[in-house]
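A.B. asks: Provided herewith: input06.txt, compact mmCIF, C-alpha atoms.
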```txt
# COMPACT_ATOMS: atom_id res chain seq x y z
CA MET A 1 -44.07 -50.30 -8.00
CA GLN A 2 -41.09 -50.12 -5.65
CA GLN A 3 -41.14 -52.55 -2.76
CA VAL A 4 -40.39 -51.28 0.70
CA PRO A 5 -38.05 -53.68 2.52
CA ASN A 6 -39.52 -55.24 5.60
CA PRO A 7 -38.05 -53.76 8.76
CA ILE A 8 -36.06 -56.06 11.01
CA PRO A 9 -38.21 -57.27 13.90
CA LYS A 10 -37.44 -55.57 17.19
CA ALA A 11 -37.07 -58.93 18.88
CA LEU A 12 -34.21 -59.84 16.53
CA ILE A 13 -32.57 -56.48 17.14
CA ARG A 14 -32.67 -57.06 20.87
CA ARG A 15 -31.26 -60.55 20.44
CA THR A 16 -28.46 -59.32 18.21
CA GLY A 17 -27.61 -56.53 20.63
CA GLY A 18 -27.68 -58.98 23.48
CA ALA A 19 -25.28 -61.29 21.67
CA ASN A 20 -22.86 -58.45 21.02
CA SER A 21 -23.14 -57.39 24.62
CA LEU A 22 -22.36 -60.90 25.84
CA GLU A 23 -19.37 -61.17 23.52
CA LEU A 24 -18.08 -57.80 24.69
CA GLU A 25 -18.56 -58.78 28.31
CA LYS A 26 -16.77 -62.08 27.70
CA GLU A 27 -13.89 -60.29 25.96
CA ASN A 28 -13.53 -57.81 28.81
CA PHE A 29 -13.62 -60.64 31.32
CA GLU A 30 -10.88 -62.53 29.47
CA ARG A 31 -8.75 -59.40 29.27
CA GLY A 32 -9.18 -58.88 32.98
CA GLN A 33 -8.19 -62.46 33.71
CA VAL A 34 -5.09 -62.17 31.53
CA LYS A 35 -4.14 -58.95 33.29
CA HIS A 36 -4.58 -60.51 36.74
CA LEU A 37 -2.61 -63.61 35.73
CA PHE A 38 0.15 -61.46 34.27
CA THR A 39 0.30 -59.34 37.42
CA ALA A 40 0.52 -62.45 39.58
CA LEU A 41 3.23 -63.90 37.33
CA VAL A 42 5.38 -60.78 37.55
CA ARG A 43 5.01 -60.67 41.33
CA VAL A 44 6.01 -64.32 41.61
CA CYS A 45 9.00 -63.70 39.34
CA VAL A 46 10.13 -60.72 41.43
CA LEU A 47 9.96 -62.76 44.62
CA ALA A 48 11.62 -65.78 43.03
CA VAL A 49 14.43 -63.78 41.42
CA ILE A 50 15.34 -61.95 44.61
CA SER A 51 15.37 -65.23 46.54
CA LEU A 52 18.15 -66.63 44.32
CA VAL A 53 21.67 -66.89 45.72
CA PHE A 54 22.83 -64.68 42.86
CA LEU A 55 20.98 -63.39 39.84
CA LEU A 56 21.21 -64.62 36.27
CA ASP A 57 20.22 -62.59 33.21
CA TRP A 58 17.47 -65.00 32.18
CA SER A 59 15.95 -64.97 35.66
CA VAL A 60 15.28 -61.21 35.52
CA SER A 61 13.86 -61.29 31.99
CA PRO A 62 10.21 -61.78 33.06
CA CYS A 63 10.44 -58.67 35.23
CA ILE A 64 11.94 -56.66 32.36
CA LEU A 65 9.37 -57.93 29.86
CA GLY A 66 6.65 -57.20 32.39
CA THR A 67 7.53 -53.50 32.43
CA HIS A 68 7.28 -53.38 28.63
CA HIS A 69 3.96 -55.21 28.72
CA GLU A 70 2.32 -52.79 31.13
CA LYS A 71 4.44 -49.81 30.01
CA GLY A 72 5.58 -49.05 33.51
CA ALA A 73 6.67 -50.47 36.85
CA HIS A 74 3.46 -50.45 38.91
CA THR A 75 3.32 -54.23 39.24
CA PHE A 76 7.01 -54.43 40.07
CA TRP A 77 6.69 -51.93 42.90
CA ALA A 78 3.49 -53.56 44.15
CA ALA A 79 5.52 -56.74 44.64
CA VAL A 80 8.62 -55.00 46.02
CA ASN A 81 6.68 -53.05 48.64
CA ARG A 82 5.79 -56.35 50.29
CA LEU A 83 9.43 -57.31 50.80
CA PRO A 84 11.25 -56.67 54.11
CA LEU A 85 14.01 -54.64 52.48
CA SER A 86 14.65 -52.57 55.60
CA SER A 87 15.34 -55.59 57.78
CA ASN A 88 17.22 -57.92 55.43
CA ALA A 89 20.40 -56.48 53.91
CA VAL A 90 21.03 -59.40 51.54
CA LEU A 91 17.48 -59.16 50.21
CA CYS A 92 17.90 -55.41 49.74
CA TRP A 93 21.16 -55.98 47.85
CA LYS A 94 19.44 -58.36 45.43
CA PHE A 95 16.56 -55.93 45.01
CA CYS A 96 19.05 -53.21 44.05
CA HIS A 97 20.53 -55.51 41.43
CA VAL A 98 17.12 -56.31 39.92
CA PHE A 99 16.08 -52.67 40.04
CA HIS A 100 19.31 -51.59 38.34
CA LYS A 101 18.63 -53.99 35.46
CA LEU A 102 15.07 -52.69 35.15
CA LEU A 103 16.28 -49.10 35.01
CA ARG A 104 18.66 -50.07 32.23
CA ASP A 105 16.59 -52.48 30.15
CA GLY A 106 12.99 -51.97 31.27
CA HIS A 107 10.36 -49.71 29.73
CA PRO A 108 11.30 -45.99 29.78
CA ASN A 109 8.41 -45.32 32.16
CA VAL A 110 10.14 -47.43 34.82
CA ILE A 111 12.25 -44.42 35.77
CA LYS A 112 9.25 -42.11 36.05
CA ASP A 113 7.20 -44.64 38.03
CA SER A 114 10.11 -45.38 40.35
CA MET A 115 10.68 -41.72 41.21
CA ARG A 116 7.55 -41.95 43.36
CA ASN A 117 9.54 -44.23 45.66
CA LYS A 118 12.59 -41.97 45.78
CA ALA A 119 11.93 -40.79 49.35
CA ASP A 120 11.60 -44.38 50.61
CA LEU A 121 14.81 -45.38 48.85
CA SER A 122 16.63 -42.38 50.35
CA ASP A 123 15.43 -43.27 53.85
CA MET A 124 16.51 -46.87 53.33
CA SER A 125 19.94 -45.74 52.15
CA ARG A 126 20.42 -43.61 55.26
CA MET A 127 19.24 -46.45 57.47
CA TRP A 128 21.66 -48.99 55.99
CA GLY A 129 24.40 -46.35 56.05
CA HIS A 130 24.58 -46.65 59.84
CA LEU A 131 26.24 -50.04 59.38
CA SER A 132 29.98 -49.87 58.81
CA GLU A 133 30.47 -53.22 57.11
CA GLY A 134 28.77 -56.09 55.32
CA TYR A 135 25.82 -55.86 52.99
CA GLY A 136 24.30 -52.97 54.92
CA LYS A 137 27.03 -50.54 53.89
CA LEU A 138 26.94 -51.83 50.31
CA CYS A 139 23.16 -51.40 50.15
CA SER A 140 23.51 -47.79 51.25
CA ILE A 141 26.02 -47.10 48.47
CA TYR A 142 23.97 -48.97 45.87
CA LEU A 143 20.75 -47.16 46.74
CA LYS A 144 22.52 -43.81 46.41
CA LEU A 145 23.69 -44.87 42.96
CA LEU A 146 20.19 -45.88 41.87
CA ILE A 147 18.72 -42.60 43.13
CA THR A 148 21.43 -40.66 41.29
CA LYS A 149 20.73 -42.68 38.15
CA MET A 150 17.00 -41.90 38.30
CA GLU A 151 17.61 -38.20 38.93
CA PHE A 152 20.04 -37.99 36.03
CA HIS A 153 17.64 -39.58 33.56
CA VAL A 154 14.70 -37.50 34.75
CA LYS A 155 16.76 -34.34 34.31
CA ASN A 156 18.18 -35.57 30.99
CA PRO A 157 15.33 -37.54 29.38
CA ARG A 158 17.17 -37.87 26.07
CA PHE A 159 19.48 -40.41 27.70
CA PRO A 160 18.00 -43.93 27.72
CA GLY A 161 18.34 -46.10 30.80
CA ASN A 162 21.16 -48.12 29.23
CA LEU A 163 22.99 -44.88 28.27
CA GLN A 164 23.58 -46.01 24.69
CA MET A 165 23.69 -42.96 22.42
CA SER A 166 25.27 -41.94 19.15
CA ASN A 167 27.48 -38.86 18.81
CA ARG A 168 24.62 -37.03 17.13
CA GLN A 169 22.25 -37.87 19.98
CA LEU A 170 24.84 -36.69 22.49
CA ASP A 171 25.03 -33.35 20.69
CA GLU A 172 21.25 -33.11 20.70
CA ALA A 173 21.16 -33.87 24.43
CA GLY A 174 23.26 -30.77 25.03
CA GLU A 175 21.33 -28.81 22.40
CA ASN A 176 24.73 -27.77 20.97
CA ASP A 177 25.02 -25.24 23.81
CA VAL A 178 28.37 -24.98 25.61
CA ASN A 179 26.64 -24.10 28.89
CA ASN A 180 24.52 -27.23 28.68
CA PHE A 181 27.59 -29.33 27.90
CA PHE A 182 29.38 -27.81 30.89
CA GLN A 183 26.54 -28.71 33.28
CA LEU A 184 26.00 -32.11 31.68
CA THR A 185 29.65 -33.00 32.25
CA VAL A 186 29.33 -32.12 35.95
CA GLU A 187 26.25 -34.34 36.26
CA MET A 188 28.05 -37.19 34.53
CA PHE A 189 30.97 -36.83 36.95
CA ASP A 190 28.51 -37.13 39.85
CA TYR A 191 26.89 -40.15 38.21
CA LEU A 192 30.23 -41.84 37.54
CA GLU A 193 31.40 -41.08 41.09
CA CYS A 194 28.51 -43.13 42.49
CA GLU A 195 29.30 -45.99 40.11
CA LEU A 196 32.95 -46.02 41.19
CA ASN A 197 32.02 -45.83 44.88
CA LEU A 198 30.00 -49.03 44.55
CA PHE A 199 32.78 -50.71 42.60
CA LEU A 200 35.35 -49.84 45.27
CA GLY A 201 32.94 -50.69 48.08
CA VAL A 202 32.34 -54.20 46.77
CA PHE A 203 36.02 -55.01 46.30
CA SER A 204 37.00 -53.57 49.66
CA SER A 205 34.44 -55.87 51.31
CA LEU A 206 35.91 -59.02 49.78
CA ASP A 207 38.67 -61.17 51.19
CA MET A 208 41.18 -60.90 48.36
CA SER A 209 43.36 -63.62 49.88
CA ARG A 210 40.83 -66.21 48.71
CA SER A 211 39.17 -66.97 45.38
CA VAL A 212 35.89 -65.40 46.42
CA SER A 213 34.67 -65.09 42.84
CA VAL A 214 33.93 -68.82 42.68
CA THR A 215 31.85 -68.89 45.86
CA ALA A 216 28.12 -68.18 45.94
CA ALA A 217 28.58 -65.35 48.43
CA GLY A 218 31.30 -63.79 46.30
CA GLN A 219 29.23 -64.01 43.13
CA CYS A 220 26.29 -62.44 44.94
CA ARG A 221 28.40 -59.36 45.70
CA LEU A 222 30.17 -59.21 42.35
CA ALA A 223 27.19 -59.78 40.04
CA PRO A 224 25.84 -56.18 40.15
CA LEU A 225 29.21 -54.86 39.00
CA ILE A 226 28.34 -55.98 35.47
CA GLN A 227 25.70 -53.25 35.37
CA VAL A 228 28.17 -50.82 36.93
CA ILE A 229 30.76 -51.55 34.24
CA LEU A 230 28.19 -51.11 31.46
CA ASP A 231 27.10 -47.75 32.87
CA SER A 232 30.62 -46.55 33.61
CA SER A 233 31.97 -47.37 30.16
CA HIS A 234 29.39 -45.10 28.53
CA LEU A 235 29.79 -42.33 31.09
CA TYR A 236 33.57 -42.36 30.70
CA ASP A 237 33.26 -42.24 26.92
CA TYR A 238 30.80 -39.33 27.03
CA THR A 239 32.84 -37.30 29.52
CA VAL A 240 35.91 -37.60 27.28
CA LYS A 241 33.92 -36.40 24.26
CA LEU A 242 32.34 -33.56 26.21
CA LEU A 243 35.70 -32.42 27.58
CA PHE A 244 37.04 -32.19 24.04
CA LYS A 245 34.00 -30.14 23.05
CA LEU A 246 34.40 -27.83 26.04
CA HIS A 247 38.12 -27.29 25.46
CA SER A 248 37.39 -26.24 21.90
CA CYS A 249 35.04 -23.51 23.15
CA LEU A 250 36.27 -22.40 26.59
CA PRO A 251 39.61 -21.28 28.08
CA ALA A 252 41.70 -24.00 29.72
CA ASP A 253 41.60 -22.25 33.11
CA THR A 254 37.81 -22.41 33.17
CA LEU A 255 37.94 -26.20 32.84
CA GLN A 256 40.64 -26.86 35.43
CA GLY A 257 38.07 -28.28 37.85
CA HIS A 258 36.72 -30.60 35.17
CA ARG A 259 40.21 -31.88 34.35
CA ASP A 260 41.06 -32.46 38.01
CA ARG A 261 37.90 -34.41 38.60
CA PHE A 262 38.38 -36.46 35.45
CA GLN A 263 41.92 -37.41 36.47
CA GLU A 264 40.75 -38.30 39.98
CA GLN A 265 38.09 -40.64 38.64
CA PHE A 266 40.43 -42.07 36.02
CA LYS A 267 42.87 -43.14 38.75
CA LYS A 268 40.10 -45.06 40.50
```
Please rewrite the model in this file as structure tokens.
C.D. replies:
Amino acid sequence: MQQVPNPIPKALIRRTGGANSLELEKENFERGQVKHLFTALVRVCVLAVISLVFLLDWSVSPCILGTHHEKGAHTFWAAVNRLPLSSNAVLCWKFCHVFHKLLRDGHPNVIKDSMRNKADLSDMSRMWGHLSEGYGKLCSIYLKLLITKMEFHVKNPRFPGNLQMSNRQLDEAGENDVNNFFQLTVEMFDYLECELNLFLGVFSSLDMSRSVSVTAAGQCRLAPLIQVILDSSHLYDYTVKLLFKLHSCLPADTLQGHRDRFQEQFKK
């Protein structure tokens, strides 16, 4: 005769379910605490980094890693929105430097998340543009560059923030269409123009009769140019390659404007 297994008592079922529920609640609580601690850490890092006399690569790393952890820049902007960027030009300059590094090395969603603040950045750029010298003028130029950088990458999502691409990826970005390559070259010229404007703006603001590069104030102004050089080197390389592609497909007269603009930027 086959034995029927005894059913599990309902009391034990309730206890087991209760235990699982408690463990799940505990796990959710711990996750929430980790998230809150992480958010607080990133905010502290943002504030601490921007308060430095000049930025070091290792000091920005927590902010960059934070964007990869949360797959975006919500925490970064939550911290930045508390800063008096519209009333402190030096603070705004350091913010631009940090933001530039995040656009280059942060999670790809940083660009998309930051586009929500494009209008505020544009207003801030116009506001600082009323100043004719000092950090105010530089902030205006830098903010225009960052806005241009975001717009370029939103319009051309195949390009990563650090602009590192292979020749094959560059061809894919233009979809092997001469019209796309033509327009892409124009956009790269605009992008590179903003990079060069910041480069020239920084050097024109320095007293070249002294060794300003060894002073804290000089290093504060010069430090962002590392990002500018990294961006510009790729943009220059890509424009040269695209111009060769275009000249192999289009008449020389059609590309006269491209050549003139390339030579103008090359002289800078």
A.B. asks: Please, what distance in Å, to one decimal, runs between CA of Ser87 in chain A and CA of Leu138 in chain A?
C.D. replies: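 According to the coordinates, CA of Ser87 in chain A and CA of Leu138 in chain A are separated by 14.3 Å.
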A.B. asks: Suppose you want the space between CA of Gly174 in chain A and CA of Asn109 in chain A; what is it in Å?
C.D. replies: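 Atom-to-atom, CA of Gly174 in chain A and CA of Asn109 in chain A are spaced 22.0 Å apart.
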A.B. asks: Between CA of Lys112 in chain A and CA of Trp77 in chain A, what distance in Å does the model show, to one decimal?
C.D. replies: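 Going from CA of Lys112 in chain A over to CA of Trp77 in chain A covers 12.2 Å.
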A.B. asks: Considering all atoms listed in the file, state which residue in the set A:Ser205, A:Asn81, A:Gln227, A:Asn176 is at the smallest distance from Leu145 in chain A.
C.D. replies: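 Once distances to Leu145 in chain A are computed over all atoms listed in the file, the minimum belongs to A:Gln227.
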A.B. asks: May I have the protein, DNA and RNA residues with an atom at most 6 Å from (19.2, -47.4, 47.4), counting all atoms listed in the file in the file's coordinates, returned as an mmCIF file with C-alpha atoms, keeping the file's coordinate frame?
C.D. replies:
```cif
data_model
loop_
_atom_site.group_PDB
_atom_site.id
_atom_site.type_symbol
_atom_site.label_atom_id
_atom_site.label_comp_id
_atom_site.auth_asym_id
_atom_site.auth_seq_id
_atom_site.Cartn_x
_atom_site.Cartn_y
_atom_site.Cartn_z
ATOM 1 C CA LEU A 121 14.810 -45.380 48.850
ATOM 2 C CA SER A 125 19.940 -45.740 52.150
ATOM 3 C CA SER A 140 23.510 -47.790 51.250
ATOM 4 C CA TYR A 142 23.970 -48.970 45.870
ATOM 5 C CA LEU A 143 20.750 -47.160 46.740
ATOM 6 C CA LYS A 144 22.520 -43.810 46.410
ATOM 7 C CA LEU A 146 20.190 -45.880 41.870
#
```
A.B. asks: Determine the nearest neighbour of Pro160 in chain A from the options A:Leu131, A:Thr239, A:Asp231, A:Cys92, counting all atoms listed in the file.
C.D. replies: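 Counting all atoms listed in the file, the residue closest to Pro160 in chain A is A:Asp231.
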A.B. asks: Residues proximal to (15.5, -37.6, 23.9) were defined as those with any atom within 12 Å of that point in the file's coordinates, counting only C-alpha atoms. Which are they, as an mmCIF file with C-alpha atoms, in the coordinates of the input?
C.D. replies:
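Wrote it out as result_13.cif, contents follow:
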```cif
data_model
loop_
_atom_site.group_PDB
_atom_site.id
_atom_site.type_symbol
_atom_site.label_atom_id
_atom_site.label_comp_id
_atom_site.auth_asym_id
_atom_site.auth_seq_id
_atom_site.Cartn_x
_atom_site.Cartn_y
_atom_site.Cartn_z
ATOM 1 C CA PRO A 108 11.300 -45.990 29.780
ATOM 2 C CA HIS A 153 17.640 -39.580 33.560
ATOM 3 C CA VAL A 154 14.700 -37.500 34.750
ATOM 4 C CA LYS A 155 16.760 -34.340 34.310
ATOM 5 C CA ASN A 156 18.180 -35.570 30.990
ATOM 6 C CA PRO A 157 15.330 -37.540 29.380
ATOM 7 C CA ARG A 158 17.170 -37.870 26.070
ATOM 8 C CA PHE A 159 19.480 -40.410 27.700
ATOM 9 C CA PRO A 160 18.000 -43.930 27.720
ATOM 10 C CA GLY A 161 18.340 -46.100 30.800
ATOM 11 C CA LEU A 163 22.990 -44.880 28.270
ATOM 12 C CA GLN A 164 23.580 -46.010 24.690
ATOM 13 C CA MET A 165 23.690 -42.960 22.420
ATOM 14 C CA SER A 166 25.270 -41.940 19.150
ATOM 15 C CA ARG A 168 24.620 -37.030 17.130
ATOM 16 C CA GLN A 169 22.250 -37.870 19.980
ATOM 17 C CA LEU A 170 24.840 -36.690 22.490
ATOM 18 C CA ASP A 171 25.030 -33.350 20.690
ATOM 19 C CA GLU A 172 21.250 -33.110 20.700
ATOM 20 C CA ALA A 173 21.160 -33.870 24.430
ATOM 21 C CA GLY A 174 23.260 -30.770 25.030
ATOM 22 C CA GLU A 175 21.330 -28.810 22.400
#
```
A.B. asks: Of the residues A:Thr185, A:Asn20, A:Thr148, A:Asn197, which is the one nearest to Lys245 in chain A, using all atoms listed in the file?
C.D. replies: A:Thr185
